[in-house]
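S.K.: Handing you a structure now.
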Amino acid sequence: MQPSIFPCAFLPSISYVQIWMSASEPIIDLGEPYIRQTFRNRAHILGSQGVTKLIIPVKKGPSNQPMHEVMIDYHHAWPRKYWHAITSAYQNAPYFEHYAVELQDIWLSQPDSLARFSLDLFRWIMQQIQPETKIKANNLSNIGTVDDYRKMDFLDIGNNDYLPYKQVFSYKFPFYQNLSVLDLLFNRGPETVYIISKKKCF
């Protein structure tokens, strides 16, 4: 059976996680060329002013630099700034306190590479959603497969093939689709897996 190949995503969107969970033998390609201004270093959360973009600054590298070689730039002390943004957005979410301590430890750990940071976060996220999930990642740029998701735009807001749910600022904004899966996790906790799989919650 051929694997389903995925790009490495920072705080992946709900559509990314949904497709990952339904894929056959999913594996992340760390050898694909890094593409700027994509989900590889940015994610969307919902704050009091609307959608907030979290963009991880990276050090300049050669063109076609493989994902596993992309290094994070910490010169502007963004980890604490963005953690404050996450806290401000979700401190009133039902499950924020349940997850915040563990997530903060990963968030402030400052690994050198973008891939390492993204994988650490993704493994933690999937442990909360589906504990039996194993995240595989390797250099697979030249492998052939019928299920190749590396060119898909996982930030595309049009992908809403899952159950809508109540968000922190539902009283202020209409439902925002396809945010980072953190939005769903903080708001619905253990029900996340049922919402993503379009099943009735318990």
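Residues in the structure tokens are named by chain (A, B, ... in the order shown) and by number from 1 within that chain; ligands are numbered from 1 in the order shown.
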List the neighbours of A:Cys8 out to 8 Å using only C-alpha atoms; skip same-chain residues closer than 2 positions along the sequence, and give me the result as a PDB file with C-alpha atoms, in the first residue's frame.
M.R.:
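What landed in around_30.pdb:
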```pdb
ATOM      1  CA  PHE A   6       1.453  15.393   3.364  1.00  0.00           C
ATOM      2  CA  PHE A  10       2.410  24.637  11.459  1.00  0.00           C
ATOM      3  CA  ILE A  28       4.896  13.945   6.203  1.00  0.00           C
ATOM      4  CA  ASP A  29       7.510  14.829   3.587  1.00  0.00           C
ATOM      5  CA  LEU A  30      10.346  16.780   5.196  1.00  0.00           C
ATOM      6  CA  ARG A  40       4.065  25.676   6.439  1.00  0.00           C
ATOM      7  CA  MET A  67      11.633  21.829   4.727  1.00  0.00           C
ATOM      8  CA  ALA A 115       9.924  21.212  10.949  1.00  0.00           C
ATOM      9  CA  SER A 118       5.685  21.937  13.730  1.00  0.00           C
ATOM     10  CA  LEU A 119       6.051  18.197  14.316  1.00  0.00           C
TER      11      LEU A 119
END
```
S.K.: Can you list every residue of stretch 78-117 of chain A that has an atom at most 10 Å from stretch 178-201 of chain A, with its nearest atom pair and the distance in Å to one decimal, using only C-alpha atoms, ordered by chain then number, as CSV?
M.R.:
```
residue,atom,partner,partner_atom,distance
A:Ile86,CA,A:Leu182,CA,9.4
A:Ala89,CA,A:Asp183,CA,9.1
A:Tyr90,CA,A:Phe186,CA,6.9
A:Gln91,CA,A:Phe186,CA,8.9
A:Asn92,CA,A:Asn187,CA,9.0
A:Ala93,CA,A:Asn187,CA,5.2
A:Pro94,CA,A:Asn187,CA,5.6
A:Tyr95,CA,A:Phe186,CA,4.8
A:Phe96,CA,A:Phe186,CA,5.0
A:Glu97,CA,A:Phe186,CA,8.6
A:His98,CA,A:Phe186,CA,8.5
A:Tyr99,CA,A:Phe186,CA,7.6
A:Ala100,CA,A:Phe186,CA,9.0
```
S.K.: Take the selection from the previous step and output its residues with N, CA and C atoms, as an mmCIF file, in the first residue's frame.
M.R.:
```
data_model
loop_
_atom_site.group_PDB
_atom_site.id
_atom_site.type_symbol
_atom_site.label_atom_id
_atom_site.label_comp_id
_atom_site.auth_asym_id
_atom_site.auth_seq_id
_atom_site.Cartn_x
_atom_site.Cartn_y
_atom_site.Cartn_z
ATOM 1 N N ILE A 86 -2.605 33.769 21.686
ATOM 2 C CA ILE A 86 -3.379 32.538 21.862
ATOM 3 C C ILE A 86 -4.173 32.594 23.166
ATOM 4 N N ALA A 89 -7.079 34.967 22.931
ATOM 5 C CA ALA A 89 -8.140 34.445 22.073
ATOM 6 C C ALA A 89 -8.933 33.333 22.751
ATOM 7 N N TYR A 90 -8.281 32.506 23.579
ATOM 8 C CA TYR A 90 -8.924 31.279 24.046
ATOM 9 C C TYR A 90 -9.013 31.108 25.559
ATOM 10 N N GLN A 91 -8.643 32.112 26.319
ATOM 11 C CA GLN A 91 -8.687 31.939 27.767
ATOM 12 C C GLN A 91 -10.096 31.677 28.294
ATOM 13 N N ASN A 92 -11.103 32.072 27.545
ATOM 14 C CA ASN A 92 -12.485 31.821 27.946
ATOM 15 C C ASN A 92 -13.091 30.596 27.267
ATOM 16 N N ALA A 93 -12.284 29.882 26.490
ATOM 17 C CA ALA A 93 -12.764 28.652 25.860
ATOM 18 C C ALA A 93 -12.892 27.555 26.926
ATOM 19 N N PRO A 94 -13.867 26.668 26.794
ATOM 20 C CA PRO A 94 -14.124 25.658 27.831
ATOM 21 C C PRO A 94 -12.935 24.770 28.183
ATOM 22 N N TYR A 95 -12.068 24.477 27.208
ATOM 23 C CA TYR A 95 -10.997 23.519 27.462
ATOM 24 C C TYR A 95 -9.602 24.140 27.436
ATOM 25 N N PHE A 96 -9.515 25.465 27.428
ATOM 26 C CA PHE A 96 -8.195 26.092 27.343
ATOM 27 C C PHE A 96 -7.309 25.714 28.528
ATOM 28 N N GLU A 97 -7.822 25.824 29.725
ATOM 29 C CA GLU A 97 -7.008 25.520 30.915
ATOM 30 C C GLU A 97 -6.580 24.058 30.952
ATOM 31 N N HIS A 98 -7.387 23.195 30.379
ATOM 32 C CA HIS A 98 -7.064 21.767 30.368
ATOM 33 C C HIS A 98 -5.807 21.488 29.535
ATOM 34 N N TYR A 99 -5.638 22.237 28.449
ATOM 35 C CA TYR A 99 -4.532 21.981 27.521
ATOM 36 C C TYR A 99 -3.377 22.969 27.621
ATOM 37 N N ALA A 100 -3.597 24.123 28.220
ATOM 38 C CA ALA A 100 -2.667 25.247 28.100
ATOM 39 C C ALA A 100 -1.258 24.959 28.621
#
```
S.K.: Residues within 12 Å of A:Pro57, please, as a list of chain:residue names. Count only C-alpha atoms; anything in the same chain fewer than 5 positions from it doesn't count.
M.R.: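 Contacts, in chain order: A:Phe10, A:Arg36, A:Gln37, A:Arg40, A:Asn41, A:Arg42, A:Val70, A:Met71, A:Ile72, A:Asp73, A:Tyr74, A:His75, A:His76, A:Ala77, A:Trp78, A:Pro79, A:Tyr82, A:Asp112, A:Ser113, A:Leu114.
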S.K.: Generate a file of the selected residues that holds C-alpha atoms, formatted as a PDB file, in the first residue's frame.
M.R.:
```pdb
ATOM      1  CA  PHE A  10       2.410  24.637  11.459  1.00  0.00           C
ATOM      2  CA  ARG A  36       6.897  30.827   1.904  1.00  0.00           C
ATOM      3  CA  GLN A  37       3.602  32.459   2.862  1.00  0.00           C
ATOM      4  CA  ARG A  40       4.065  25.676   6.439  1.00  0.00           C
ATOM      5  CA  ASN A  41       4.843  28.619   8.715  1.00  0.00           C
ATOM      6  CA  ARG A  42       1.477  30.243   9.402  1.00  0.00           C
ATOM      7  CA  VAL A  70      14.453  25.715   7.423  1.00  0.00           C
ATOM      8  CA  MET A  71      15.591  27.412  10.629  1.00  0.00           C
ATOM      9  CA  ILE A  72      13.420  29.582  12.888  1.00  0.00           C
ATOM     10  CA  ASP A  73      14.399  33.214  13.529  1.00  0.00           C
ATOM     11  CA  TYR A  74      13.993  34.139  17.219  1.00  0.00           C
ATOM     12  CA  HIS A  75      15.366  37.681  17.028  1.00  0.00           C
ATOM     13  CA  HIS A  76      12.004  39.369  17.577  1.00  0.00           C
ATOM     14  CA  ALA A  77      10.850  37.405  20.643  1.00  0.00           C
ATOM     15  CA  TRP A  78       7.700  36.265  18.867  1.00  0.00           C
ATOM     16  CA  PRO A  79       7.046  33.125  20.987  1.00  0.00           C
ATOM     17  CA  TYR A  82       2.085  34.841  20.004  1.00  0.00           C
ATOM     18  CA  ASP A 112      16.026  25.366  15.926  1.00  0.00           C
ATOM     19  CA  SER A 113      14.051  24.111  12.941  1.00  0.00           C
ATOM     20  CA  LEU A 114      10.554  24.869  11.718  1.00  0.00           C
TER      21      LEU A 114
END
```
S.K.: Give me every strand (DSSP E) residue in chain A, going by DSSP on the backbone, as a list of chain:residue names.
M.R.: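 So the strand (DSSP E) residues in chain A would be A:Ser4, A:Ile5, A:Phe6, A:Pro26, A:Ile27, A:Ile28, A:Asp29, A:Arg42, A:Ala43, A:His44, A:Ile45, A:Leu46, A:Gly47, A:Gly50, A:Val51, A:Thr52, A:Lys53, A:Leu54, A:Ile55, A:Ala137, A:Asn138.
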S.K.: Would you mind telling me which residue in A:Ser13, A:Gln65, A:Ser4, A:Ser170 lies nearest to A:Ser48 when using only C-alpha atoms?
M.R.: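 The closest residue to A:Ser48 is A:Ser170.
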S.K.: Select from stretch 10-175 of chain A everything DSSP, run on the backbone, classes as alpha helix (DSSP H), then give the selection as a VMD selection string.
M.R.: chain A and resid 14 to 22 78 to 90 96 to 107 114 to 129
S.K.: Would you export the selected residues with N, CA and C atoms as a CSV table (one decimal), in the first residue's frame, please?
M.R.:
```
chain,number,residue,atom,x,y,z
A,14,ILE,N,-8.1,22.6,10.4
A,14,ILE,CA,-9.0,21.5,10.6
A,14,ILE,C,-9.1,20.6,9.4
A,15,SER,N,-9.1,21.2,8.2
A,15,SER,CA,-9.1,20.4,7.0
A,15,SER,C,-7.9,19.5,6.9
A,16,TYR,N,-6.7,20.0,7.3
A,16,TYR,CA,-5.5,19.2,7.3
A,16,TYR,C,-5.7,17.9,8.2
A,17,VAL,N,-6.1,18.2,9.4
A,17,VAL,CA,-6.3,17.1,10.3
A,17,VAL,C,-7.4,16.1,9.9
A,18,GLN,N,-8.4,16.6,9.3
A,18,GLN,CA,-9.5,15.8,8.9
A,18,GLN,C,-9.0,14.8,7.7
A,19,ILE,N,-8.3,15.4,6.8
A,19,ILE,CA,-7.8,14.6,5.7
A,19,ILE,C,-6.7,13.6,6.2
A,20,TRP,N,-5.9,14.1,7.1
A,20,TRP,CA,-4.9,13.2,7.7
A,20,TRP,C,-5.5,12.0,8.4
A,21,MET,N,-6.6,12.2,9.1
A,21,MET,CA,-7.2,11.1,9.9
A,21,MET,C,-7.9,10.1,9.0
A,22,SER,N,-8.3,10.5,7.8
A,22,SER,CA,-9.0,9.6,6.9
A,22,SER,C,-8.0,9.0,5.8
A,78,TRP,N,9.1,36.5,19.2
A,78,TRP,CA,7.7,36.3,18.9
A,78,TRP,C,7.0,35.2,19.7
A,79,PRO,N,7.8,34.2,20.3
A,79,PRO,CA,7.0,33.1,21.0
A,79,PRO,C,6.1,33.6,22.1
A,80,ARG,N,6.6,34.5,22.9
A,80,ARG,CA,5.8,35.1,24.0
A,80,ARG,C,4.7,36.0,23.5
A,81,LYS,N,5.0,36.7,22.4
A,81,LYS,CA,4.0,37.6,21.8
A,81,LYS,C,2.8,36.8,21.3
A,82,TYR,N,3.1,35.7,20.6
A,82,TYR,CA,2.1,34.8,20.0
A,82,TYR,C,1.4,34.0,21.1
A,83,TRP,N,2.1,33.6,22.1
A,83,TRP,CA,1.5,32.9,23.2
A,83,TRP,C,0.4,33.8,23.9
A,84,HIS,N,0.8,35.1,24.0
A,84,HIS,CA,-0.2,36.0,24.6
A,84,HIS,C,-1.4,36.1,23.6
A,85,ALA,N,-1.2,36.1,22.3
A,85,ALA,CA,-2.3,36.2,21.4
A,85,ALA,C,-3.2,34.9,21.5
A,86,ILE,N,-2.6,33.8,21.7
A,86,ILE,CA,-3.4,32.5,21.9
A,86,ILE,C,-4.2,32.6,23.2
A,87,THR,N,-3.5,33.0,24.2
A,87,THR,CA,-4.2,33.1,25.5
A,87,THR,C,-5.3,34.1,25.5
A,88,SER,N,-5.1,35.3,24.9
A,88,SER,CA,-6.2,36.3,24.8
A,88,SER,C,-7.4,35.8,24.0
A,89,ALA,N,-7.1,35.0,22.9
A,89,ALA,CA,-8.1,34.4,22.1
A,89,ALA,C,-8.9,33.3,22.8
A,90,TYR,N,-8.3,32.5,23.6
A,90,TYR,CA,-8.9,31.3,24.0
A,90,TYR,C,-9.0,31.1,25.6
A,96,PHE,N,-9.5,25.5,27.4
A,96,PHE,CA,-8.2,26.1,27.3
A,96,PHE,C,-7.3,25.7,28.5
A,97,GLU,N,-7.8,25.8,29.7
A,97,GLU,CA,-7.0,25.5,30.9
A,97,GLU,C,-6.6,24.1,31.0
A,98,HIS,N,-7.4,23.2,30.4
A,98,HIS,CA,-7.1,21.8,30.4
A,98,HIS,C,-5.8,21.5,29.5
A,99,TYR,N,-5.6,22.2,28.4
A,99,TYR,CA,-4.5,22.0,27.5
A,99,TYR,C,-3.4,23.0,27.6
A,100,ALA,N,-3.6,24.1,28.2
A,100,ALA,CA,-2.7,25.2,28.1
A,100,ALA,C,-1.3,25.0,28.6
A,101,VAL,N,-1.1,24.3,29.8
A,101,VAL,CA,0.2,24.1,30.4
A,101,VAL,C,1.1,23.3,29.5
A,102,GLU,N,0.6,22.1,29.0
A,102,GLU,CA,1.4,21.3,28.1
A,102,GLU,C,1.7,22.0,26.8
A,103,LEU,N,0.8,22.7,26.2
A,103,LEU,CA,1.0,23.4,25.0
A,103,LEU,C,2.0,24.5,25.2
A,104,GLN,N,1.9,25.2,26.3
A,104,GLN,CA,2.9,26.3,26.5
A,104,GLN,C,4.3,25.8,26.6
A,105,ASP,N,4.5,24.7,27.2
A,105,ASP,CA,5.8,24.1,27.3
A,105,ASP,C,6.4,23.8,26.0
A,106,ILE,N,5.6,23.3,25.0
A,106,ILE,CA,6.1,23.1,23.7
A,106,ILE,C,6.4,24.4,23.0
A,107,TRP,N,5.4,25.3,23.1
A,107,TRP,CA,5.5,26.6,22.5
A,107,TRP,C,6.7,27.4,22.8
A,114,LEU,N,12.0,24.7,11.9
A,114,LEU,CA,10.6,24.9,11.7
A,114,LEU,C,9.9,23.5,11.7
A,115,ALA,N,10.5,22.5,11.0
A,115,ALA,CA,9.9,21.2,10.9
A,115,ALA,C,9.8,20.6,12.3
A,116,ARG,N,10.9,20.7,13.1
A,116,ARG,CA,10.9,20.1,14.5
A,116,ARG,C,9.7,20.8,15.3
A,117,PHE,N,9.6,22.1,15.3
A,117,PHE,CA,8.6,22.8,16.0
A,117,PHE,C,7.2,22.4,15.6
A,118,SER,N,7.0,22.3,14.3
A,118,SER,CA,5.7,21.9,13.7
A,118,SER,C,5.3,20.5,14.1
A,119,LEU,N,6.3,19.6,14.0
A,119,LEU,CA,6.1,18.2,14.3
A,119,LEU,C,5.8,18.0,15.8
A,120,ASP,N,6.5,18.7,16.7
A,120,ASP,CA,6.3,18.6,18.1
A,120,ASP,C,4.8,19.0,18.4
A,121,LEU,N,4.4,20.1,17.8
A,121,LEU,CA,3.1,20.6,18.0
A,121,LEU,C,2.0,19.7,17.5
A,122,PHE,N,2.3,19.2,16.3
A,122,PHE,CA,1.3,18.2,15.6
A,122,PHE,C,1.2,16.9,16.4
A,123,ARG,N,2.3,16.4,16.9
A,123,ARG,CA,2.2,15.2,17.7
A,123,ARG,C,1.4,15.4,19.0
A,124,TRP,N,1.6,16.5,19.6
A,124,TRP,CA,0.9,16.8,20.8
A,124,TRP,C,-0.6,17.0,20.5
A,125,ILE,N,-1.0,17.7,19.4
A,125,ILE,CA,-2.3,17.9,19.0
A,125,ILE,C,-3.0,16.6,18.8
A,126,MET,N,-2.4,15.7,18.0
A,126,MET,CA,-3.0,14.4,17.7
A,126,MET,C,-3.1,13.5,18.9
A,127,GLN,N,-2.2,13.7,19.9
A,127,GLN,CA,-2.3,12.9,21.1
A,127,GLN,C,-3.6,13.3,21.8
A,128,GLN,N,-4.0,14.5,21.7
A,128,GLN,CA,-5.3,15.0,22.4
A,128,GLN,C,-6.5,14.5,21.6
A,129,ILE,N,-6.4,14.5,20.3
A,129,ILE,CA,-7.5,14.1,19.5
A,129,ILE,C,-7.7,12.6,19.3
```
S.K.: Pick out the closest residue to A:Ala23 from this set: A:Leu108, A:Leu46, A:Ile35, A:Ile5. Count only C-alpha atoms.
M.R.: A:Ile5
S.K.: What does the distance between atom CA of A:His68 and atom CA of A:Gly31 come to in Å, to one decimal place?
M.R.: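 Those two atoms sit 6.3 Å apart.
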S.K.: So how many Å separate atom CA of A:His44 and atom CA of A:Pro3, to one decimal?
M.R.: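 Separation between atom CA of A:His44 and atom CA of A:Pro3: 27.9 Å.
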S.K.: Of the residues A:Glu132, A:Asp161, A:Asp147, A:Asp153, which is the one nearest to A:Phe39, using only C-alpha atoms?
M.R.: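 The shortest atom-to-atom distance to A:Phe39 comes from A:Asp153.
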S.K.: Please compute the atom CA of A:Tyr162-atom CA of A:Ile56 distance, one decimal, in Å.
M.R.: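 These two atoms are separated by 27.3 Å.
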